[in-house]
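Colleague: Next up is a structure, given as structure tokens.
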Amino acid sequence: MATFQTLPGFREFYPEDFARRNHIFRRWRHTANTFGFSEYDAPVLEPLELYRAKSGEEIEAQLFSFTDKGGREVALRPEMTPTVCRLVGARASALKRPIKWFSIAEFYRYERMQKGRGRCFSQFNADIFGEPGPEAEIELIALLVQCLCAFGLTEQDFHVRLSDRDLWIFYLEALGLDEARIRAVLVAVDKYEKMGDEAFKPYAESFGPLDGGLKAKILSFLAIKSLAVLEQTVANLDGGRLGARLGDWKKLLGALAAMGLARFVEVDLGVVRGLAYYTGFVFEAYDRKGELRALAGGGRYDDLVEKLGGPALPAAGFAIGDMTFALLLEQRGLMPDFTQAPDVYCVIGGEAERLAAFGDIQALRAAGHRVDYPLKDMAFGKQFKAAAESGAKLALIYGSDELAKGVVKVRDLTQRSELEVPRAQVLATVRDFFSGA
RNA sequence: GCGAUCAUAGCUCAGUCGGUUAGAGCACCAGAUUGUGGAUCUGGGGGUCGCGGGUUCGAGUCCCGUUGGUCGCCCCA
């Protein structure tokens, strides 16, 4: 057993693992680019205060934080949102609108590990700044769906549950609740799916038992799963704000339907996301079977940029975590096998032949072909075995017979056929082979 | 922070009632094999049985502790 172990909850990426992670990152990045989002990155280490300001003192227990040699309190970033708010806030007036940004980065949280959760993980983050209307959510939810579909997942595999904190607040106000009670009810709603009636206990402790009729209304609102029922429910209440808000819902759902994405999106007011900073639409992506933790989550946070010292700037965004996502891909058999094969494997007779081969190897590699060869002299039989095992399509044979004739033998390892080509034409022959000529 | 469970080779695991020098398959390396294929055969390297203590003539095996993995609770930005 090695003396030194990986720190608890951290991950190592051996080449097979790294290939899988690269595959995921590559497709996320490509998808974000097709949606016109620009990639950014920022420091892994940030002032601890940035997270205190966003989430409060209690957050510190969940952070990898310490005091640096300059006496600064710092923390490894546990999320991207505060950072991107700072970046955008600092240059808000100079950035061309709409501001559509994404990042793929690693984060650290000091937590106990579970399935789909570790102390270090990666997230794809996408955010839109400066757009107050549902047009931002349209882009974000479409991007979220495509980021999952890009791997072959379908509406059989996942869904996006869409809810709205504004709607909840307007509705609860219409029912006559004050701000403190509304906050407590939202906490209960957030936990209701998991805990059932128990979820209302903290509310009862602060404000006394919730009136029976009121509770019934809240529970039926929570259970709403369609726009039609939603419209029906709020029809007779507080016409102004609720009505206008429903207009935003229609615009959002209409746009997603026009994109052909309606089958992925479900109205589900049971989702409110506990985070206090969300201000409007909120959404979460889950696997259909409900076996895994959330694949992605996001929503609108119109007050956060200003709260962190920037200008007032509306914003919305979401993040996809890599751990649960990779679990889902593997469960569905959608994680490809990544064996990295060279295009060309060189079979080399001896020292003199090796020097000749080196010239071609260098030229082929410079031309973009993946070329490998045995580092040390080996029997021909072994080299052919190695060539076959490597997965290369072509073998180039540099033997004494060939060199005497000024040729190289080119063997098609798939067809098991070979031909001799003059040494000067090796590069052209390989190029033509791989260009399909 | 709490609970359950597990820990023997790089991986998957066996290891009898506590008894001699801890095994197998896969993987890796080499040979058979000095010019043609993923095979086969032979051999090899690789272990502080997670770590520490205890019981015992004797511990991979039993007991206590500890570290770590996995899963769940709290939390989940």
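Letters A, B, ... go to the chains of the structure tokens in the order shown; residues in each chain start at 1; ligands are counted from 1 in the same order.
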Would you list the contacts of U61 of chain B as a ChimeraX atom specification, taking every protein, DNA or RNA residue within 12 Å and counting only C-alpha atoms (C1' of nucleotides), but skipping same-chain residues closer than 4 positions in sequence?

Modeller: /B:8,15-19,22,49

Colleague: Kindly assemble as JSON lines a list of the chain A residues that lie within 8 Å of chain B, each paired with its nearest atom pair and their distance in Å to one decimal, using only C-alpha atoms (C1' of nucleotides), sorted first by chain and then by ascending residue number.

Modeller:
```
{"residue": "A:Met1", "atom": "CA", "partner": "B:G50", "partner_atom": "C1'", "distance": 7.4}
{"residue": "A:Pro8", "atom": "CA", "partner": "B:G68", "partner_atom": "C1'", "distance": 7.8}
{"residue": "A:Ser55", "atom": "CA", "partner": "B:A77", "partner_atom": "C1'", "distance": 7.6}
{"residue": "A:Pro78", "atom": "CA", "partner": "B:A77", "partner_atom": "C1'", "distance": 7.3}
{"residue": "A:Glu79", "atom": "CA", "partner": "B:A77", "partner_atom": "C1'", "distance": 6.3}
{"residue": "A:Gln114", "atom": "CA", "partner": "B:C71", "partner_atom": "C1'", "distance": 7.1}
{"residue": "A:Lys115", "atom": "CA", "partner": "B:C71", "partner_atom": "C1'", "distance": 7.5}
{"residue": "A:Leu275", "atom": "CA", "partner": "B:A77", "partner_atom": "C1'", "distance": 7.3}
{"residue": "A:Ala379", "atom": "CA", "partner": "B:U34", "partner_atom": "C1'", "distance": 7.0}
{"residue": "A:Phe380", "atom": "CA", "partner": "B:G35", "partner_atom": "C1'", "distance": 5.9}
{"residue": "A:Gly381", "atom": "CA", "partner": "B:U36", "partner_atom": "C1'", "distance": 6.5}
{"residue": "A:Phe384", "atom": "CA", "partner": "B:G37", "partner_atom": "C1'", "distance": 5.9}
{"residue": "A:Lys385", "atom": "CA", "partner": "B:G37", "partner_atom": "C1'", "distance": 5.2}
{"residue": "A:Ala387", "atom": "CA", "partner": "B:G37", "partner_atom": "C1'", "distance": 7.9}
{"residue": "A:Ala388", "atom": "CA", "partner": "B:G37", "partner_atom": "C1'", "distance": 5.7}
{"residue": "A:Glu389", "atom": "CA", "partner": "B:G38", "partner_atom": "C1'", "distance": 5.7}
{"residue": "A:Gly399", "atom": "CA", "partner": "B:G35", "partner_atom": "C1'", "distance": 7.9}
```

Colleague: Generate a file of the selected residues that holds all heavy atoms, formatted as a short mmCIF file (atom, residue, chain, number, x, y, z; two decimals), in the first residue's frame.

Modeller:
```cif
data_model
loop_
_atom_site.label_atom_id
_atom_site.label_comp_id
_atom_site.auth_asym_id
_atom_site.auth_seq_id
_atom_site.Cartn_x
_atom_site.Cartn_y
_atom_site.Cartn_z
N MET A 1 0.85 -1.21 0.00
CA MET A 1 0.00 0.00 0.00
C MET A 1 0.88 1.25 0.00
O MET A 1 1.83 1.34 0.74
CB MET A 1 -0.92 -0.04 1.23
CG MET A 1 -2.01 1.00 1.24
SD MET A 1 -3.12 0.92 -0.18
CE MET A 1 -4.03 -0.58 0.21
N PRO A 8 -9.44 12.42 0.97
CA PRO A 8 -10.81 11.92 0.89
C PRO A 8 -11.68 12.74 -0.05
O PRO A 8 -11.69 13.96 0.02
CB PRO A 8 -11.32 12.06 2.33
CG PRO A 8 -10.13 12.25 3.18
CD PRO A 8 -9.02 12.74 2.33
N SER A 55 -23.82 33.70 0.60
CA SER A 55 -24.56 32.62 1.24
C SER A 55 -24.64 32.69 2.75
O SER A 55 -25.29 31.85 3.36
CB SER A 55 -23.93 31.28 0.85
OG SER A 55 -23.76 31.20 -0.54
N PRO A 78 -16.44 26.91 -4.34
CA PRO A 78 -17.42 25.83 -4.26
C PRO A 78 -18.46 25.93 -5.37
O PRO A 78 -19.29 25.03 -5.52
CB PRO A 78 -18.08 26.09 -2.91
CG PRO A 78 -18.05 27.58 -2.78
CD PRO A 78 -16.81 28.06 -3.50
N GLU A 79 -18.43 27.03 -6.12
CA GLU A 79 -19.40 27.25 -7.19
C GLU A 79 -18.89 28.41 -8.02
O GLU A 79 -17.96 29.12 -7.63
CB GLU A 79 -20.76 27.59 -6.60
CG GLU A 79 -20.73 28.83 -5.72
CD GLU A 79 -22.10 29.38 -5.40
OE1 GLU A 79 -22.99 29.25 -6.26
OE2 GLU A 79 -22.27 29.96 -4.31
N GLN A 114 -21.08 10.96 -1.21
CA GLN A 114 -22.19 10.05 -1.48
C GLN A 114 -22.18 9.75 -2.96
O GLN A 114 -21.42 10.34 -3.71
CB GLN A 114 -23.52 10.73 -1.15
CG GLN A 114 -23.87 10.73 0.32
CD GLN A 114 -25.08 11.59 0.58
OE1 GLN A 114 -26.14 11.34 0.04
NE2 GLN A 114 -24.88 12.62 1.36
N LYS A 115 -23.09 8.88 -3.36
CA LYS A 115 -23.20 8.58 -4.78
C LYS A 115 -23.50 9.87 -5.55
O LYS A 115 -24.47 10.56 -5.26
CB LYS A 115 -24.33 7.57 -5.00
CG LYS A 115 -24.39 7.03 -6.40
CD LYS A 115 -25.41 5.92 -6.50
CE LYS A 115 -25.35 5.26 -7.85
NZ LYS A 115 -26.28 4.14 -7.93
N LEU A 275 -32.40 27.81 -2.30
CA LEU A 275 -31.50 28.95 -2.27
C LEU A 275 -32.26 30.26 -2.26
O LEU A 275 -33.05 30.55 -3.14
CB LEU A 275 -30.53 28.92 -3.45
CG LEU A 275 -29.73 27.65 -3.57
CD1 LEU A 275 -29.34 27.12 -2.21
CD2 LEU A 275 -30.44 26.63 -4.37
N ALA A 379 11.89 -8.28 -31.75
CA ALA A 379 11.73 -9.23 -32.84
C ALA A 379 10.54 -8.80 -33.70
O ALA A 379 9.57 -8.25 -33.21
CB ALA A 379 11.48 -10.63 -32.28
N PHE A 380 10.64 -9.09 -35.02
CA PHE A 380 9.55 -8.70 -35.92
C PHE A 380 8.20 -9.24 -35.47
O PHE A 380 7.19 -8.55 -35.52
CB PHE A 380 9.86 -9.17 -37.35
CG PHE A 380 10.62 -8.16 -38.15
CD1 PHE A 380 12.00 -8.11 -38.13
CD2 PHE A 380 9.93 -7.22 -38.92
CE1 PHE A 380 12.70 -7.17 -38.86
CE2 PHE A 380 10.61 -6.28 -39.66
CZ PHE A 380 12.01 -6.24 -39.63
N GLY A 381 8.21 -10.47 -35.07
CA GLY A 381 6.94 -11.09 -34.66
C GLY A 381 6.27 -10.29 -33.56
O GLY A 381 5.07 -10.01 -33.61
N PHE A 384 4.83 -7.01 -34.91
CA PHE A 384 3.53 -7.14 -35.61
C PHE A 384 2.40 -7.34 -34.61
O PHE A 384 1.30 -6.84 -34.78
CB PHE A 384 3.59 -8.28 -36.64
CG PHE A 384 4.26 -7.86 -37.90
CD1 PHE A 384 5.54 -8.27 -38.19
CD2 PHE A 384 3.61 -7.02 -38.80
CE1 PHE A 384 6.19 -7.86 -39.35
CE2 PHE A 384 4.24 -6.60 -39.96
CZ PHE A 384 5.53 -7.02 -40.24
N LYS A 385 2.70 -8.08 -33.58
CA LYS A 385 1.70 -8.26 -32.54
C LYS A 385 1.37 -6.91 -31.88
O LYS A 385 0.22 -6.54 -31.70
CB LYS A 385 2.21 -9.25 -31.48
CG LYS A 385 1.16 -9.65 -30.49
CD LYS A 385 1.75 -10.54 -29.40
CE LYS A 385 1.75 -12.00 -29.79
NZ LYS A 385 2.10 -12.88 -28.65
N ALA A 387 1.76 -4.03 -33.20
CA ALA A 387 1.06 -3.19 -34.18
C ALA A 387 -0.43 -3.52 -34.18
O ALA A 387 -1.28 -2.63 -34.18
CB ALA A 387 1.66 -3.40 -35.57
N ALA A 388 -0.73 -4.82 -34.17
CA ALA A 388 -2.13 -5.23 -34.18
C ALA A 388 -2.83 -4.79 -32.90
O ALA A 388 -3.94 -4.26 -32.91
CB ALA A 388 -2.22 -6.75 -34.33
N GLU A 389 -2.16 -4.98 -31.76
CA GLU A 389 -2.75 -4.61 -30.48
C GLU A 389 -2.95 -3.11 -30.35
O GLU A 389 -3.86 -2.66 -29.64
CB GLU A 389 -1.87 -5.10 -29.33
CG GLU A 389 -2.04 -6.58 -29.06
CD GLU A 389 -1.12 -7.07 -27.95
OE1 GLU A 389 -0.19 -6.31 -27.56
OE2 GLU A 389 -1.32 -8.20 -27.47
N GLY A 399 12.65 -2.66 -42.88
CA GLY A 399 13.58 -3.76 -42.71
C GLY A 399 14.80 -3.54 -43.59
O GLY A 399 14.82 -2.63 -44.43
#
```

Colleague: Determine, counting only C-alpha atoms (C1' of nucleotides), which protein, DNA and RNA residues have an atom within 10 Å of an atom of segment 428-436 of chain A; residues of the same chain fewer than 3 positions away are not included. Present the result as a PyMOL selection string.

Modeller: chain A and resi 343-344+364+367-369+393-394+396+410+412+421-425

Colleague: If you run DSSP on the backbone, which residues of segment 119-338 of chain A are strand (DSSP E), as a VMD selection string?

Modeller: chain A and resid 120 to 129 158 to 164 265 to 267 281 to 287 296 to 300 315 to 321

Colleague: Take the residues from that selection and put them in a file with N, CA and C atoms, as a JSON list (two decimals), in the first residue's frame.

Modeller:
```json
[["chain", "number", "residue", "atom", "x", "y", "z"],
["A", 120, "CYS", "N", -14.55, 17.09, -4.70],
["A", 120, "CYS", "CA", -14.18, 17.89, -5.87],
["A", 120, "CYS", "C", -14.96, 17.35, -7.05],
["A", 121, "PHE", "N", -15.42, 18.24, -7.86],
["A", 121, "PHE", "CA", -16.28, 17.86, -8.98],
["A", 121, "PHE", "C", -16.19, 18.96, -10.02],
["A", 122, "SER", "N", -16.68, 18.68, -11.19],
["A", 122, "SER", "CA", -16.67, 19.70, -12.23],
["A", 122, "SER", "C", -18.10, 20.09, -12.57],
["A", 123, "GLN", "N", -18.25, 21.30, -13.00],
["A", 123, "GLN", "CA", -19.56, 21.77, -13.43],
["A", 123, "GLN", "C", -19.44, 22.52, -14.74],
["A", 124, "PHE", "N", -20.46, 22.36, -15.56],
["A", 124, "PHE", "CA", -20.68, 23.24, -16.69],
["A", 124, "PHE", "C", -21.62, 24.33, -16.18],
["A", 125, "ASN", "N", -21.19, 25.58, -16.28],
["A", 125, "ASN", "CA", -22.03, 26.71, -15.86],
["A", 125, "ASN", "C", -22.37, 27.56, -17.07],
["A", 126, "ALA", "N", -23.62, 27.95, -17.21],
["A", 126, "ALA", "CA", -24.02, 28.87, -18.27],
["A", 126, "ALA", "C", -24.91, 29.95, -17.66],
["A", 127, "ASP", "N", -24.65, 31.18, -18.03],
["A", 127, "ASP", "CA", -25.41, 32.30, -17.47],
["A", 127, "ASP", "C", -25.68, 33.35, -18.54],
["A", 128, "ILE", "N", -26.81, 34.04, -18.37],
["A", 128, "ILE", "CA", -27.12, 35.17, -19.23],
["A", 128, "ILE", "C", -27.37, 36.38, -18.33],
["A", 129, "PHE", "N", -26.68, 37.46, -18.64],
["A", 129, "PHE", "CA", -26.80, 38.68, -17.83],
["A", 129, "PHE", "C", -27.44, 39.79, -18.67],
["A", 158, "PHE", "N", -34.41, 11.80, -19.20],
["A", 158, "PHE", "CA", -34.40, 12.92, -18.23],
["A", 158, "PHE", "C", -35.54, 13.89, -18.53],
["A", 159, "HIS", "N", -35.82, 14.72, -17.57],
["A", 159, "HIS", "CA", -36.79, 15.79, -17.76],
["A", 159, "HIS", "C", -36.36, 17.01, -16.97],
["A", 160, "VAL", "N", -36.90, 18.14, -17.38],
["A", 160, "VAL", "CA", -36.60, 19.40, -16.71],
["A", 160, "VAL", "C", -37.88, 19.86, -16.02],
["A", 161, "ARG", "N", -37.78, 20.03, -14.72],
["A", 161, "ARG", "CA", -38.94, 20.48, -13.94],
["A", 161, "ARG", "C", -38.84, 21.99, -13.76],
["A", 162, "LEU", "N", -39.91, 22.67, -14.14],
["A", 162, "LEU", "CA", -39.90, 24.14, -14.18],
["A", 162, "LEU", "C", -40.85, 24.71, -13.16],
["A", 163, "SER", "N", -40.34, 25.64, -12.38],
["A", 163, "SER", "CA", -41.17, 26.29, -11.38],
["A", 163, "SER", "C", -40.84, 27.78, -11.33],
["A", 164, "ASP", "N", -41.40, 28.46, -10.35],
["A", 164, "ASP", "CA", -41.30, 29.92, -10.37],
["A", 164, "ASP", "C", -41.48, 30.47, -8.96],
["A", 265, "VAL", "N", -39.84, 19.26, -20.90],
["A", 265, "VAL", "CA", -40.09, 20.26, -19.85],
["A", 265, "VAL", "C", -41.44, 20.02, -19.20],
["A", 266, "GLU", "N", -41.44, 20.04, -17.88],
["A", 266, "GLU", "CA", -42.68, 19.85, -17.16],
["A", 266, "GLU", "C", -42.90, 20.96, -16.15],
["A", 267, "VAL", "N", -44.11, 21.47, -16.14],
["A", 267, "VAL", "CA", -44.49, 22.41, -15.10],
["A", 267, "VAL", "C", -44.54, 21.62, -13.79],
["A", 281, "PHE", "N", -38.04, 32.32, -12.29],
["A", 281, "PHE", "CA", -38.08, 30.93, -12.73],
["A", 281, "PHE", "C", -36.94, 30.13, -12.10],
["A", 282, "VAL", "N", -37.25, 28.92, -11.69],
["A", 282, "VAL", "CA", -36.21, 27.99, -11.25],
["A", 282, "VAL", "C", -36.48, 26.66, -11.95],
["A", 283, "PHE", "N", -35.43, 25.90, -12.20],
["A", 283, "PHE", "CA", -35.61, 24.62, -12.88],
["A", 283, "PHE", "C", -34.54, 23.64, -12.47],
["A", 284, "GLU", "N", -34.90, 22.37, -12.57],
["A", 284, "GLU", "CA", -33.96, 21.31, -12.23],
["A", 284, "GLU", "C", -34.13, 20.18, -13.23],
["A", 285, "ALA", "N", -33.03, 19.54, -13.58],
["A", 285, "ALA", "CA", -33.10, 18.37, -14.46],
["A", 285, "ALA", "C", -32.84, 17.12, -13.64],
["A", 286, "TYR", "N", -33.67, 16.12, -13.85],
["A", 286, "TYR", "CA", -33.54, 14.84, -13.13],
["A", 286, "TYR", "C", -33.59, 13.69, -14.12],
["A", 287, "ASP", "N", -33.00, 12.57, -13.73],
["A", 287, "ASP", "CA", -33.20, 11.37, -14.54],
["A", 287, "ASP", "C", -34.66, 10.92, -14.36],
["A", 296, "ALA", "N", -28.89, 18.73, -12.93],
["A", 296, "ALA", "CA", -28.60, 20.14, -13.18],
["A", 296, "ALA", "C", -29.62, 20.98, -12.46],
["A", 297, "GLY", "N", -29.26, 22.21, -12.18],
["A", 297, "GLY", "CA", -30.21, 23.10, -11.53],
["A", 297, "GLY", "C", -29.88, 24.53, -11.85],
["A", 298, "GLY", "N", -30.90, 25.38, -11.84],
["A", 298, "GLY", "CA", -30.63, 26.78, -12.11],
["A", 298, "GLY", "C", -31.85, 27.62, -11.95],
["A", 299, "GLY", "N", -31.72, 28.88, -12.32],
["A", 299, "GLY", "CA", -32.84, 29.80, -12.20],
["A", 299, "GLY", "C", -32.38, 31.23, -12.32],
["A", 300, "ARG", "N", -33.29, 32.10, -12.02],
["A", 300, "ARG", "CA", -33.02, 33.54, -12.14],
["A", 300, "ARG", "C", -32.55, 34.09, -10.81],
["A", 315, "ALA", "N", -30.09, 38.53, -14.06],
["A", 315, "ALA", "CA", -29.25, 37.40, -14.45],
["A", 315, "ALA", "C", -30.01, 36.10, -14.25],
["A", 316, "ALA", "N", -29.64, 35.12, -15.04],
["A", 316, "ALA", "CA", -30.18, 33.76, -14.87],
["A", 316, "ALA", "C", -29.12, 32.79, -15.34],
["A", 317, "GLY", "N", -29.13, 31.60, -14.77],
["A", 317, "GLY", "CA", -28.11, 30.64, -15.17],
["A", 317, "GLY", "C", -28.40, 29.26, -14.61],
["A", 318, "PHE", "N", -27.57, 28.31, -15.01],
["A", 318, "PHE", "CA", -27.71, 26.96, -14.48],
["A", 318, "PHE", "C", -26.35, 26.28, -14.48],
["A", 319, "ALA", "N", -26.28, 25.15, -13.79],
["A", 319, "ALA", "CA", -25.05, 24.36, -13.78],
["A", 319, "ALA", "C", -25.39, 22.88, -13.92],
["A", 320, "ILE", "N", -24.54, 22.16, -14.63],
["A", 320, "ILE", "CA", -24.64, 20.70, -14.71],
["A", 320, "ILE", "C", -23.40, 20.14, -14.02],
["A", 321, "GLY", "N", -23.61, 19.22, -13.09],
["A", 321, "GLY", "CA", -22.46, 18.60, -12.43],
["A", 321, "GLY", "C", -21.99, 17.38, -13.22]]
```

Colleague: What lies within 6 Å of segment 269-274 of chain A using only C-alpha atoms (C1' of nucleotides), ignoring chain neighbours under 6 positions off, as a list in words?

Modeller: Ser163, Asp190, Leu222 and Ile224 of chain A

Colleague: Using only N, CA, C and O atoms, please write the residues we just selected to a file, as a PDB file, in the first residue's frame.

Modeller:
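Result went into part.pdb, see below:
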```pdb
ATOM      1  N   SER A 163     -40.345  25.642 -12.381  1.00  0.00           N
ATOM      2  CA  SER A 163     -41.174  26.289 -11.377  1.00  0.00           C
ATOM      3  C   SER A 163     -40.840  27.776 -11.327  1.00  0.00           C
ATOM      4  O   SER A 163     -40.081  28.276 -12.159  1.00  0.00           O
ATOM      5  N   ASP A 190     -40.152  23.300  -0.511  1.00  0.00           N
ATOM      6  CA  ASP A 190     -38.920  22.730  -1.047  1.00  0.00           C
ATOM      7  C   ASP A 190     -38.695  21.319  -0.519  1.00  0.00           C
ATOM      8  O   ASP A 190     -38.210  20.442  -1.223  1.00  0.00           O
ATOM      9  N   LEU A 222     -48.871  23.387  -4.997  1.00  0.00           N
ATOM     10  CA  LEU A 222     -47.630  22.631  -5.091  1.00  0.00           C
ATOM     11  C   LEU A 222     -47.744  21.468  -6.076  1.00  0.00           C
ATOM     12  O   LEU A 222     -46.781  21.095  -6.736  1.00  0.00           O
ATOM     13  N   ILE A 224     -49.451  21.361  -8.768  1.00  0.00           N
ATOM     14  CA  ILE A 224     -49.801  21.745 -10.144  1.00  0.00           C
ATOM     15  C   ILE A 224     -48.742  21.271 -11.135  1.00  0.00           C
ATOM     16  O   ILE A 224     -47.541  21.469 -10.938  1.00  0.00           O
TER      17      ILE A 224
END
```

Colleague: As number ranges by chain, please: the residues near Asp372 of chain A (cut-off 7 Å, only C-alpha atoms (C1' of nucleotides), same-chain neighbours under 6 positions excluded).

Modeller: A: 342, 344-346

Colleague: How about saving the chosen residues, N, CA and C atoms kept, as a PDB file, in the first residue's frame?

Modeller:
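This is the output file result05.pdb:
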```
ATOM      1  N   PRO A 342      -3.121   4.615 -32.473  1.00  0.00           N
ATOM      2  CA  PRO A 342      -2.393   5.396 -33.476  1.00  0.00           C
ATOM      3  C   PRO A 342      -2.950   5.102 -34.861  1.00  0.00           C
ATOM      4  N   VAL A 344      -0.766   4.888 -37.437  1.00  0.00           N
ATOM      5  CA  VAL A 344       0.337   4.169 -38.086  1.00  0.00           C
ATOM      6  C   VAL A 344       1.259   3.597 -37.014  1.00  0.00           C
ATOM      7  N   TYR A 345       1.648   2.333 -37.187  1.00  0.00           N
ATOM      8  CA  TYR A 345       2.635   1.746 -36.282  1.00  0.00           C
ATOM      9  C   TYR A 345       3.830   1.316 -37.118  1.00  0.00           C
ATOM     10  N   CYS A 346       5.024   1.695 -36.705  1.00  0.00           N
ATOM     11  CA  CYS A 346       6.221   1.374 -37.479  1.00  0.00           C
ATOM     12  C   CYS A 346       6.882   0.111 -36.947  1.00  0.00           C
TER      13      CYS A 346
END
```

Colleague: Per DSSP on the backbone, filter segment 240-435 of chain A down to the residues in alpha helix (DSSP H) and report them as a VMD selection string.

Modeller: chain A and resid 240 to 258 304 to 307 322 to 331 351 to 366 380 to 390 400 to 405 426 to 434

Colleague: Name the residues in contact with U66 of chain B at a cut-off of 12 Å, using only C-alpha atoms (C1' of nucleotides), excluding same-chain residues fewer than 6 positions from it; report them as a VMD selection string.

Modeller: chain B and resid 50 to 53

Colleague: List the spatial neighbours of segment 10-13 of chain B as a PyMOL selection string - criterion: any atom at most 9 Å away, only C-alpha atoms (C1' of nucleotides), same-chain residues fewer than 6 positions off excluded.

Modeller: chain B and resi 24-28+46

Colleague: Just write the chosen residues, N, CA, C and O atoms (P, O5', C5', C4', C3', O3' and C1' of nucleotides), as a PDB file, in the first residue's frame.

Modeller:
```
ATOM      1  P     A B  24      -0.930 -18.939  -7.696  1.00  0.00           P
ATOM      2  O5'   A B  24      -2.415 -18.869  -8.247  1.00  0.00           O
ATOM      3  C5'   A B  24      -3.174 -20.077  -8.401  1.00  0.00           C
ATOM      4  C4'   A B  24      -4.569 -19.754  -8.864  1.00  0.00           C
ATOM      5  C3'   A B  24      -4.651 -18.876 -10.108  1.00  0.00           C
ATOM      6  O3'   A B  24      -4.481 -19.626 -11.292  1.00  0.00           O
ATOM      7  C1'   A B  24      -6.153 -18.067  -8.461  1.00  0.00           C
ATOM      8  P     G B  25      -3.920 -18.931 -12.607  1.00  0.00           P
ATOM      9  O5'   G B  25      -5.138 -18.041 -13.104  1.00  0.00           O
ATOM     10  C5'   G B  25      -6.336 -18.646 -13.598  1.00  0.00           C
ATOM     11  C4'   G B  25      -7.381 -17.595 -13.852  1.00  0.00           C
ATOM     12  C3'   G B  25      -6.928 -16.428 -14.719  1.00  0.00           C
ATOM     13  O3'   G B  25      -6.992 -16.721 -16.102  1.00  0.00           O
ATOM     14  C1'   G B  25      -8.008 -15.591 -12.800  1.00  0.00           C
ATOM     15  P     C B  26      -5.937 -16.080 -17.111  1.00  0.00           P
ATOM     16  O5'   C B  26      -6.320 -14.524 -17.091  1.00  0.00           O
ATOM     17  C5'   C B  26      -7.557 -14.074 -17.636  1.00  0.00           C
ATOM     18  C4'   C B  26      -7.788 -12.621 -17.311  1.00  0.00           C
ATOM     19  C3'   C B  26      -6.701 -11.660 -17.760  1.00  0.00           C
ATOM     20  O3'   C B  26      -6.791 -11.322 -19.132  1.00  0.00           O
ATOM     21  C1'   C B  26      -7.309 -11.164 -15.533  1.00  0.00           C
ATOM     22  P     A B  27      -5.464 -11.036 -19.974  1.00  0.00           P
ATOM     23  O5'   A B  27      -4.848  -9.748 -19.248  1.00  0.00           O
ATOM     24  C5'   A B  27      -5.463  -8.473 -19.379  1.00  0.00           C
ATOM     25  C4'   A B  27      -4.721  -7.449 -18.562  1.00  0.00           C
ATOM     26  C3'   A B  27      -3.236  -7.318 -18.867  1.00  0.00           C
ATOM     27  O3'   A B  27      -2.993  -6.507 -19.997  1.00  0.00           O
ATOM     28  C1'   A B  27      -3.548  -7.437 -16.528  1.00  0.00           C
ATOM     29  P     C B  28      -1.742  -6.793 -20.949  1.00  0.00           P
ATOM     30  O5'   C B  28      -0.508  -6.454 -20.021  1.00  0.00           O
ATOM     31  C5'   C B  28      -0.275  -5.121 -19.588  1.00  0.00           C
ATOM     32  C4'   C B  28       0.922  -5.083 -18.663  1.00  0.00           C
ATOM     33  C3'   C B  28       2.180  -5.726 -19.217  1.00  0.00           C
ATOM     34  O3'   C B  28       2.891  -4.853 -20.071  1.00  0.00           O
ATOM     35  C1'   C B  28       1.826  -6.477 -17.011  1.00  0.00           C
ATOM     36  P     G B  46       9.216  -8.842  -6.623  1.00  0.00           P
ATOM     37  O5'   G B  46       7.785  -8.148  -6.597  1.00  0.00           O
ATOM     38  C5'   G B  46       7.641  -6.775  -6.941  1.00  0.00           C
ATOM     39  C4'   G B  46       6.192  -6.455  -7.185  1.00  0.00           C
ATOM     40  C3'   G B  46       5.267  -6.776  -6.022  1.00  0.00           C
ATOM     41  O3'   G B  46       5.265  -5.731  -5.066  1.00  0.00           O
ATOM     42  C1'   G B  46       4.325  -7.564  -8.046  1.00  0.00           C
TER      43        G B  46
END
```

Colleague: In Å, rounded to a single decimal, give me how far atom CA of Phe64 of chain A is from atom CA of Arg77 of chain A.

Modeller: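 According to the coordinates, atom CA of Arg77 of chain A and atom CA of Phe64 of chain A are separated by 8.1 Å.
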
Colleague: Could you tell me how far atom C1' of U21 of chain B sits from atom C1' of C63 of chain B, in Å to one decimal place?

Modeller: 27.5 Å
